[in-house]
Amino acid sequence: KLASREFHPDDTIIEVKGVKIGGNNLVVMGGPCAVETPEQIDEIARLVKAAGGQVLRGGAFKPRTGPYSFQGIGIEGLKWMKDAGDKYGLLTITEVMAPEFVDVCAEYADIMQVGTRNMQNFDLLRKLGTINNPVLLKRGMSATYDEWLNAAEYILAGGNPNVMLCERGIRTFETYTRNTFDLAAVPVVQQLSHLPVIADPSHATGRRELVETMTKASVAAGANGLIIEMHTDPDNSATGDGVQSLFPDQFANLLKELEQLAPLC
Ligand code: PEP
Ligand code: MN
């Protein structure tokens with residue numbers, strides 16, 4: 001299989017506009033759960049850059065559990081995020097939920113995120129195989145490693161070699177944390193596959209007070225990068241995931257500590 005170590009013994013290194021993802025590089029993606037206003041995404045982009053992050057995250061299309069929750073700004077939000085990324089020299093990553101939105105998302109954002117709920121949206125995966133933008137494929141919340149790697153295989157088989165895997169926690173009996181962070185997934189899929197592995201301690205724990213510790217644990221486990229939610233006003237104005245979003249100063253301090261563990265690429 002294309003995703004396997006047997007097929008490709010060396011680590012895949014995905015290079016996007018000079019940023020290398022994979023191998024010994026550590027990439028940090030930071031930003032809000034959702035793009036909310038032009039001012040919000042501009043200010044958060046400034047903070048991500050100042051802290052040493054390389055990629056601005058933000059959802060313009062949000063996969064919400066209920067239909068009455070904020071569903072995202074849509075295409076307008078992609079434009080605001082692109083402006084912010086260009087202004088501060090950051091790559092951007094955004095979630096794409098349906099095949100018909102792949103082209104517009106790929107026009108405005110550098111990296112395409114496939115959310116946990118869409119890991120086996122095979123039409124979406126097939127469409128992502130036809131573009132060149134890197135894809136961050138989140139693990140389905142109840143997907144095995146084999147199912148996750150097979151989902152990656154759909155994208156690779158379509159001709160897009162730029163796939164990274166993201167562990168974001170799985171469903172277990174435990175409810176204290178939002179999900180159960182399966183940190184063993186990091187070394188396991190690195191043994192099975194050459195693709196970069198990114199950890200998402202924000203969704204994996206659902207609790208701000210756990211994100212810093214689990215970020216460091218992810219690096220210790222060998223993760224090639226992190227995707228971390230951060231917001232300027234997580235407790236009041238965030239449209240989603242405020243309780244797991246770091247404050248800007250926490251994010252900046254965390255990245256300072258990370259730089260001691262591994263140089264940011
Ligand atoms: C997100 O990154 O905001 C998100 C919705 O993630 P997940 O698909 O892991 O729930
Ligand atoms: Mn989120």
# chains A, B, ... in the order shown; residues from 1 in each chain; ligands from 1
$ residues_around --residues "region 132-137 of chain A" --least-positions-apart "5" --cutoff "8 Å" --atoms "only C-alpha atoms" --output "MDAnalysis selection string"
chainID A and resid 14 16 106 110:116 119 152 160:166
$ residues_around --residues "region 189-202 of chain A" --least-positions-apart "2" --cutoff "7 Å" --atoms "only C-alpha atoms" --output "ChimeraX atom specification"
/A:3-5,8-12,21-22,163-168,185-187,204-207,211,214-215,218,223-229,244-245
$ write_last_selection --atoms "N, CA and C atoms" --output "tab-separated table (two decimals), in the first residue's frame"
chain	number	residue	atom	x	y	z
A	3	ALA	N	0.57	4.02	1.56
A	3	ALA	CA	0.79	4.66	2.86
A	3	ALA	C	1.80	3.90	3.72
A	4	SER	N	2.18	2.69	3.31
A	4	SER	CA	2.95	1.83	4.20
A	4	SER	C	4.45	2.12	4.18
A	5	ARG	N	5.09	1.77	5.28
A	5	ARG	CA	6.56	1.89	5.40
A	5	ARG	C	7.26	0.98	4.41
A	8	HIS	N	7.41	2.77	1.19
A	8	HIS	CA	8.17	4.03	1.22
A	8	HIS	C	8.90	4.09	2.56
A	9	PRO	N	10.12	3.54	2.65
A	9	PRO	CA	10.81	3.42	3.94
A	9	PRO	C	11.15	4.76	4.60
A	10	ASP	N	11.43	5.79	3.80
A	10	ASP	CA	11.81	7.08	4.40
A	10	ASP	C	10.58	7.89	4.80
A	11	ASP	N	10.74	8.71	5.83
A	11	ASP	CA	9.65	9.61	6.23
A	11	ASP	C	9.28	10.53	5.07
A	12	THR	N	8.01	10.69	4.86
A	12	THR	CA	7.57	11.69	3.87
A	12	THR	C	7.73	13.08	4.48
A	21	ILE	N	7.06	19.72	6.63
A	21	ILE	CA	6.26	18.97	7.60
A	21	ILE	C	6.64	17.50	7.47
A	22	GLY	N	7.10	16.93	8.60
A	22	GLY	CA	7.54	15.53	8.59
A	22	GLY	C	9.01	15.45	8.94
A	163	VAL	N	-0.12	13.78	2.24
A	163	VAL	CA	-1.10	13.48	3.28
A	163	VAL	C	-0.41	13.43	4.64
A	164	MET	N	-1.01	14.08	5.64
A	164	MET	CA	-0.54	13.91	7.02
A	164	MET	C	-1.71	13.39	7.85
A	165	LEU	N	-1.36	12.62	8.87
A	165	LEU	CA	-2.36	12.00	9.72
A	165	LEU	C	-2.49	12.81	11.00
A	166	CYS	N	-3.68	12.89	11.56
A	166	CYS	CA	-3.87	13.65	12.80
A	166	CYS	C	-4.65	12.85	13.82
A	167	GLU	N	-4.00	12.59	14.96
A	167	GLU	CA	-4.67	11.94	16.10
A	167	GLU	C	-5.38	13.02	16.91
A	168	ARG	N	-6.69	12.90	17.04
A	168	ARG	CA	-7.49	13.92	17.73
A	168	ARG	C	-8.37	13.32	18.82
A	185	ALA	N	-1.08	6.07	19.28
A	185	ALA	CA	-1.32	6.16	17.82
A	185	ALA	C	-0.12	6.80	17.13
A	186	VAL	N	0.53	7.73	17.80
A	186	VAL	CA	1.64	8.45	17.15
A	186	VAL	C	2.77	7.49	16.75
A	187	PRO	N	3.37	6.78	17.71
A	187	PRO	CA	4.42	5.84	17.29
A	187	PRO	C	3.90	4.68	16.46
A	204	ALA	N	-8.59	16.34	21.48
A	204	ALA	CA	-8.35	15.07	22.17
A	204	ALA	C	-8.72	15.15	23.65
A	205	THR	N	-8.55	16.33	24.25
A	205	THR	CA	-8.87	16.46	25.68
A	205	THR	C	-10.14	17.27	25.92
A	206	GLY	N	-10.37	18.27	25.09
A	206	GLY	CA	-11.53	19.14	25.29
A	206	GLY	C	-11.42	20.05	26.49
A	207	ARG	N	-10.23	20.10	27.09
A	207	ARG	CA	-10.05	20.91	28.30
A	207	ARG	C	-8.74	21.70	28.21
A	211	VAL	N	-4.20	20.91	27.81
A	211	VAL	CA	-3.59	21.03	26.48
A	211	VAL	C	-2.07	21.19	26.55
A	214	MET	N	-0.38	17.81	27.45
A	214	MET	CA	-0.53	16.80	26.39
A	214	MET	C	0.16	17.21	25.09
A	215	THR	N	0.39	18.50	24.94
A	215	THR	CA	1.21	18.95	23.81
A	215	THR	C	2.63	18.43	23.98
A	218	SER	N	2.85	14.82	23.42
A	218	SER	CA	2.79	14.48	21.98
A	218	SER	C	4.18	14.58	21.36
A	223	ALA	N	5.49	13.09	17.78
A	223	ALA	CA	4.63	13.75	16.80
A	223	ALA	C	5.45	14.70	15.94
A	224	ASN	N	5.07	14.80	14.67
A	224	ASN	CA	5.75	15.71	13.74
A	224	ASN	C	5.18	17.13	13.80
A	225	GLY	N	4.11	17.29	14.55
A	225	GLY	CA	3.52	18.62	14.66
A	225	GLY	C	2.30	18.61	15.54
A	226	LEU	N	1.81	19.81	15.78
A	226	LEU	CA	0.66	20.00	16.66
A	226	LEU	C	-0.35	20.89	15.97
A	227	ILE	N	-1.62	20.65	16.27
A	227	ILE	CA	-2.66	21.61	15.87
A	227	ILE	C	-3.41	21.97	17.15
A	228	ILE	N	-3.36	23.25	17.49
A	228	ILE	CA	-3.81	23.70	18.80
A	228	ILE	C	-4.79	24.86	18.64
A	229	GLU	N	-5.92	24.78	19.35
A	229	GLU	CA	-6.88	25.89	19.28
A	229	GLU	C	-6.49	27.00	20.25
A	244	GLN	N	-11.73	24.56	25.35
A	244	GLN	CA	-10.46	23.86	25.06
A	244	GLN	C	-9.45	24.78	24.39
A	245	SER	N	-9.84	26.03	24.15
A	245	SER	CA	-8.95	26.95	23.44
A	245	SER	C	-8.02	27.66	24.42
$ closest_residue --among "A:Ala98, A:Asp83, A:Asp103, A:Arg178" --to "ligand 2" --atoms "only C-alpha atoms and all ligand atoms"
A:Arg178
$ residues_near_ligand --ligand "ligand 2" --cutoff "7 Å" --atoms "only C-alpha atoms and all ligand atoms" --output "PDB file with N, CA and C atoms, in the first residue's frame"
ATOM      1  N   CYS A  33     -11.082  27.716  16.622  1.00  0.00           N
ATOM      2  CA  CYS A  33     -11.881  26.642  16.043  1.00  0.00           C
ATOM      3  C   CYS A  33     -12.500  27.159  14.755  1.00  0.00           C
ATOM      4  N   HIS A 203      -8.808  18.960  20.700  1.00  0.00           N
ATOM      5  CA  HIS A 203      -9.989  18.111  20.577  1.00  0.00           C
ATOM      6  C   HIS A 203      -9.822  16.802  21.338  1.00  0.00           C
ATOM      7  N   GLU A 229      -5.919  24.784  19.353  1.00  0.00           N
ATOM      8  CA  GLU A 229      -6.878  25.888  19.284  1.00  0.00           C
ATOM      9  C   GLU A 229      -6.489  27.004  20.248  1.00  0.00           C
ATOM     10  N   GLY A 240     -17.322  28.393  19.252  1.00  0.00           N
ATOM     11  CA  GLY A 240     -17.265  26.963  19.524  1.00  0.00           C
ATOM     12  C   GLY A 240     -15.925  26.606  20.132  1.00  0.00           C
ATOM     13  N   ASP A 241     -15.923  25.555  20.945  1.00  0.00           N
ATOM     14  CA  ASP A 241     -14.681  25.004  21.494  1.00  0.00           C
ATOM     15  C   ASP A 241     -13.871  25.981  22.350  1.00  0.00           C
TER      16      ASP A 241
END
$ select_by_dssp --residues "region 61-258 of chain A" --states "alpha helix (DSSP H)" --output "number ranges by chain"
A: 75-88, 102-108, 122-128, 145-157, 185-192, 201-205, 208-220, 248-258
$ closest_residue --among "A:Tyr145, A:Phe251, A:Phe181, A:Tyr108" --to "ligand 1" --atoms "only C-alpha atoms and all ligand atoms"
A:Phe181
$ residues_around --residues "Gly158 (chain A)" --least-positions-apart "2" --cutoff "9 Å" --atoms "only C-alpha atoms" --output "PyMOL selection string"
chain A and resi 125-131+153-156+160-161
$ closest_residue --among "A:Thr175, A:Gln250, A:Asn150, A:Thr65" --to "ligand 1" --atoms "only C-alpha atoms and all ligand atoms"
A:Thr65
$ atom_distance --atom1 "CA of Ala252 (chain A)" --atom2 "CA of Gly169 (chain A)"
23.6 Å
$ select_by_dssp --residues "region 33-136 of chain A" --states "strand (DSSP E or B)" --output "list in words"
Ala34, Val55, Leu56, Arg57, Gly59, Leu91, Thr92, Ile93, Thr94, Glu95, Ile111, Met112, Gln113, Val114, Val135 and Leu136 of chain A
$ decode --residues "region 175-208 of chain A" --atoms "N, CA and C atoms" --output "PDB file, in the first residue's frame"
ATOM      1  N   THR A 175     -15.803   9.996  30.074  1.00  0.00           N
ATOM      2  CA  THR A 175     -16.463  11.230  29.647  1.00  0.00           C
ATOM      3  C   THR A 175     -15.837  12.488  30.252  1.00  0.00           C
ATOM      4  N   TYR A 176     -14.882  12.313  31.177  1.00  0.00           N
ATOM      5  CA  TYR A 176     -14.272  13.490  31.815  1.00  0.00           C
ATOM      6  C   TYR A 176     -13.581  14.346  30.768  1.00  0.00           C
ATOM      7  N   THR A 177     -12.798  13.687  29.919  1.00  0.00           N
ATOM      8  CA  THR A 177     -12.218  14.381  28.775  1.00  0.00           C
ATOM      9  C   THR A 177     -13.171  14.219  27.589  1.00  0.00           C
ATOM     10  N   ARG A 178     -13.121  15.164  26.671  1.00  0.00           N
ATOM     11  CA  ARG A 178     -14.049  15.142  25.527  1.00  0.00           C
ATOM     12  C   ARG A 178     -13.872  13.869  24.702  1.00  0.00           C
ATOM     13  N   ASN A 179     -12.592  13.499  24.524  1.00  0.00           N
ATOM     14  CA  ASN A 179     -12.237  12.252  23.852  1.00  0.00           C
ATOM     15  C   ASN A 179     -11.123  11.615  24.668  1.00  0.00           C
ATOM     16  N   THR A 180     -10.705  10.437  24.294  1.00  0.00           N
ATOM     17  CA  THR A 180      -9.544   9.832  24.931  1.00  0.00           C
ATOM     18  C   THR A 180      -8.377   9.951  23.960  1.00  0.00           C
ATOM     19  N   PHE A 181      -7.335  10.637  24.430  1.00  0.00           N
ATOM     20  CA  PHE A 181      -6.186  10.911  23.566  1.00  0.00           C
ATOM     21  C   PHE A 181      -5.379   9.623  23.429  1.00  0.00           C
ATOM     22  N   ASP A 182      -5.388   9.052  22.259  1.00  0.00           N
ATOM     23  CA  ASP A 182      -4.651   7.805  22.018  1.00  0.00           C
ATOM     24  C   ASP A 182      -3.234   8.171  21.562  1.00  0.00           C
ATOM     25  N   LEU A 183      -2.380   8.434  22.540  1.00  0.00           N
ATOM     26  CA  LEU A 183      -1.024   8.878  22.183  1.00  0.00           C
ATOM     27  C   LEU A 183      -0.206   7.772  21.542  1.00  0.00           C
ATOM     28  N   ALA A 184      -0.538   6.531  21.865  1.00  0.00           N
ATOM     29  CA  ALA A 184       0.188   5.420  21.231  1.00  0.00           C
ATOM     30  C   ALA A 184      -0.018   5.420  19.717  1.00  0.00           C
ATOM     31  N   ALA A 185      -1.084   6.067  19.276  1.00  0.00           N
ATOM     32  CA  ALA A 185      -1.316   6.155  17.824  1.00  0.00           C
ATOM     33  C   ALA A 185      -0.120   6.802  17.128  1.00  0.00           C
ATOM     34  N   VAL A 186       0.535   7.731  17.802  1.00  0.00           N
ATOM     35  CA  VAL A 186       1.638   8.452  17.145  1.00  0.00           C
ATOM     36  C   VAL A 186       2.766   7.489  16.753  1.00  0.00           C
ATOM     37  N   PRO A 187       3.373   6.776  17.714  1.00  0.00           N
ATOM     38  CA  PRO A 187       4.423   5.839  17.290  1.00  0.00           C
ATOM     39  C   PRO A 187       3.897   4.677  16.456  1.00  0.00           C
ATOM     40  N   VAL A 188       2.681   4.239  16.713  1.00  0.00           N
ATOM     41  CA  VAL A 188       2.169   3.105  15.925  1.00  0.00           C
ATOM     42  C   VAL A 188       2.058   3.481  14.452  1.00  0.00           C
ATOM     43  N   VAL A 189       1.387   4.598  14.157  1.00  0.00           N
ATOM     44  CA  VAL A 189       1.219   4.887  12.728  1.00  0.00           C
ATOM     45  C   VAL A 189       2.534   5.336  12.100  1.00  0.00           C
ATOM     46  N   GLN A 190       3.457   5.846  12.918  1.00  0.00           N
ATOM     47  CA  GLN A 190       4.781   6.150  12.348  1.00  0.00           C
ATOM     48  C   GLN A 190       5.552   4.878  11.999  1.00  0.00           C
ATOM     49  N   GLN A 191       5.289   3.821  12.750  1.00  0.00           N
ATOM     50  CA  GLN A 191       5.925   2.549  12.384  1.00  0.00           C
ATOM     51  C   GLN A 191       5.277   1.945  11.138  1.00  0.00           C
ATOM     52  N   LEU A 192       3.965   2.073  11.066  1.00  0.00           N
ATOM     53  CA  LEU A 192       3.242   1.470   9.937  1.00  0.00           C
ATOM     54  C   LEU A 192       3.349   2.293   8.659  1.00  0.00           C
ATOM     55  N   SER A 193       3.539   3.609   8.834  1.00  0.00           N
ATOM     56  CA  SER A 193       3.447   4.509   7.682  1.00  0.00           C
ATOM     57  C   SER A 193       4.565   5.546   7.701  1.00  0.00           C
ATOM     58  N   HIS A 194       4.862   6.080   6.539  1.00  0.00           N
ATOM     59  CA  HIS A 194       5.876   7.127   6.364  1.00  0.00           C
ATOM     60  C   HIS A 194       5.281   8.520   6.437  1.00  0.00           C
ATOM     61  N   LEU A 195       3.957   8.610   6.617  1.00  0.00           N
ATOM     62  CA  LEU A 195       3.300   9.925   6.577  1.00  0.00           C
ATOM     63  C   LEU A 195       3.516  10.688   7.877  1.00  0.00           C
ATOM     64  N   PRO A 196       3.626  12.019   7.820  1.00  0.00           N
ATOM     65  CA  PRO A 196       3.772  12.810   9.051  1.00  0.00           C
ATOM     66  C   PRO A 196       2.546  12.641   9.961  1.00  0.00           C
ATOM     67  N   VAL A 197       2.783  12.707  11.256  1.00  0.00           N
ATOM     68  CA  VAL A 197       1.694  12.574  12.227  1.00  0.00           C
ATOM     69  C   VAL A 197       1.610  13.837  13.084  1.00  0.00           C
ATOM     70  N   ILE A 198       0.440  14.421  13.080  1.00  0.00           N
ATOM     71  CA  ILE A 198       0.173  15.657  13.813  1.00  0.00           C
ATOM     72  C   ILE A 198      -0.746  15.317  14.980  1.00  0.00           C
ATOM     73  N   ALA A 199      -0.495  15.897  16.152  1.00  0.00           N
ATOM     74  CA  ALA A 199      -1.360  15.652  17.309  1.00  0.00           C
ATOM     75  C   ALA A 199      -2.253  16.864  17.550  1.00  0.00           C
ATOM     76  N   ASP A 200      -3.474  16.578  17.960  1.00  0.00           N
ATOM     77  CA  ASP A 200      -4.447  17.635  18.265  1.00  0.00           C
ATOM     78  C   ASP A 200      -4.887  17.496  19.723  1.00  0.00           C
ATOM     79  N   PRO A 201      -4.096  18.065  20.645  1.00  0.00           N
ATOM     80  CA  PRO A 201      -4.431  17.929  22.063  1.00  0.00           C
ATOM     81  C   PRO A 201      -5.678  18.717  22.455  1.00  0.00           C
ATOM     82  N   SER A 202      -6.118  19.624  21.606  1.00  0.00           N
ATOM     83  CA  SER A 202      -7.313  20.430  21.928  1.00  0.00           C
ATOM     84  C   SER A 202      -8.574  19.577  21.857  1.00  0.00           C
ATOM     85  N   HIS A 203      -8.808  18.960  20.700  1.00  0.00           N
ATOM     86  CA  HIS A 203      -9.989  18.111  20.577  1.00  0.00           C
ATOM     87  C   HIS A 203      -9.822  16.802  21.338  1.00  0.00           C
ATOM     88  N   ALA A 204      -8.588  16.341  21.482  1.00  0.00           N
ATOM     89  CA  ALA A 204      -8.351  15.073  22.170  1.00  0.00           C
ATOM     90  C   ALA A 204      -8.718  15.149  23.651  1.00  0.00           C
ATOM     91  N   THR A 205      -8.545  16.329  24.248  1.00  0.00           N
ATOM     92  CA  THR A 205      -8.871  16.455  25.675  1.00  0.00           C
ATOM     93  C   THR A 205     -10.136  17.268  25.915  1.00  0.00           C
ATOM     94  N   GLY A 206     -10.368  18.271  25.091  1.00  0.00           N
ATOM     95  CA  GLY A 206     -11.534  19.139  25.288  1.00  0.00           C
ATOM     96  C   GLY A 206     -11.418  20.049  26.487  1.00  0.00           C
ATOM     97  N   ARG A 207     -10.235  20.104  27.092  1.00  0.00           N
ATOM     98  CA  ARG A 207     -10.047  20.912  28.299  1.00  0.00           C
ATOM     99  C   ARG A 207      -8.736  21.700  28.214  1.00  0.00           C
ATOM    100  N   ARG A 208      -8.895  23.015  28.289  1.00  0.00           N
ATOM    101  CA  ARG A 208      -7.745  23.916  28.170  1.00  0.00           C
ATOM    102  C   ARG A 208      -6.615  23.545  29.136  1.00  0.00           C
TER     103      ARG A 208
END
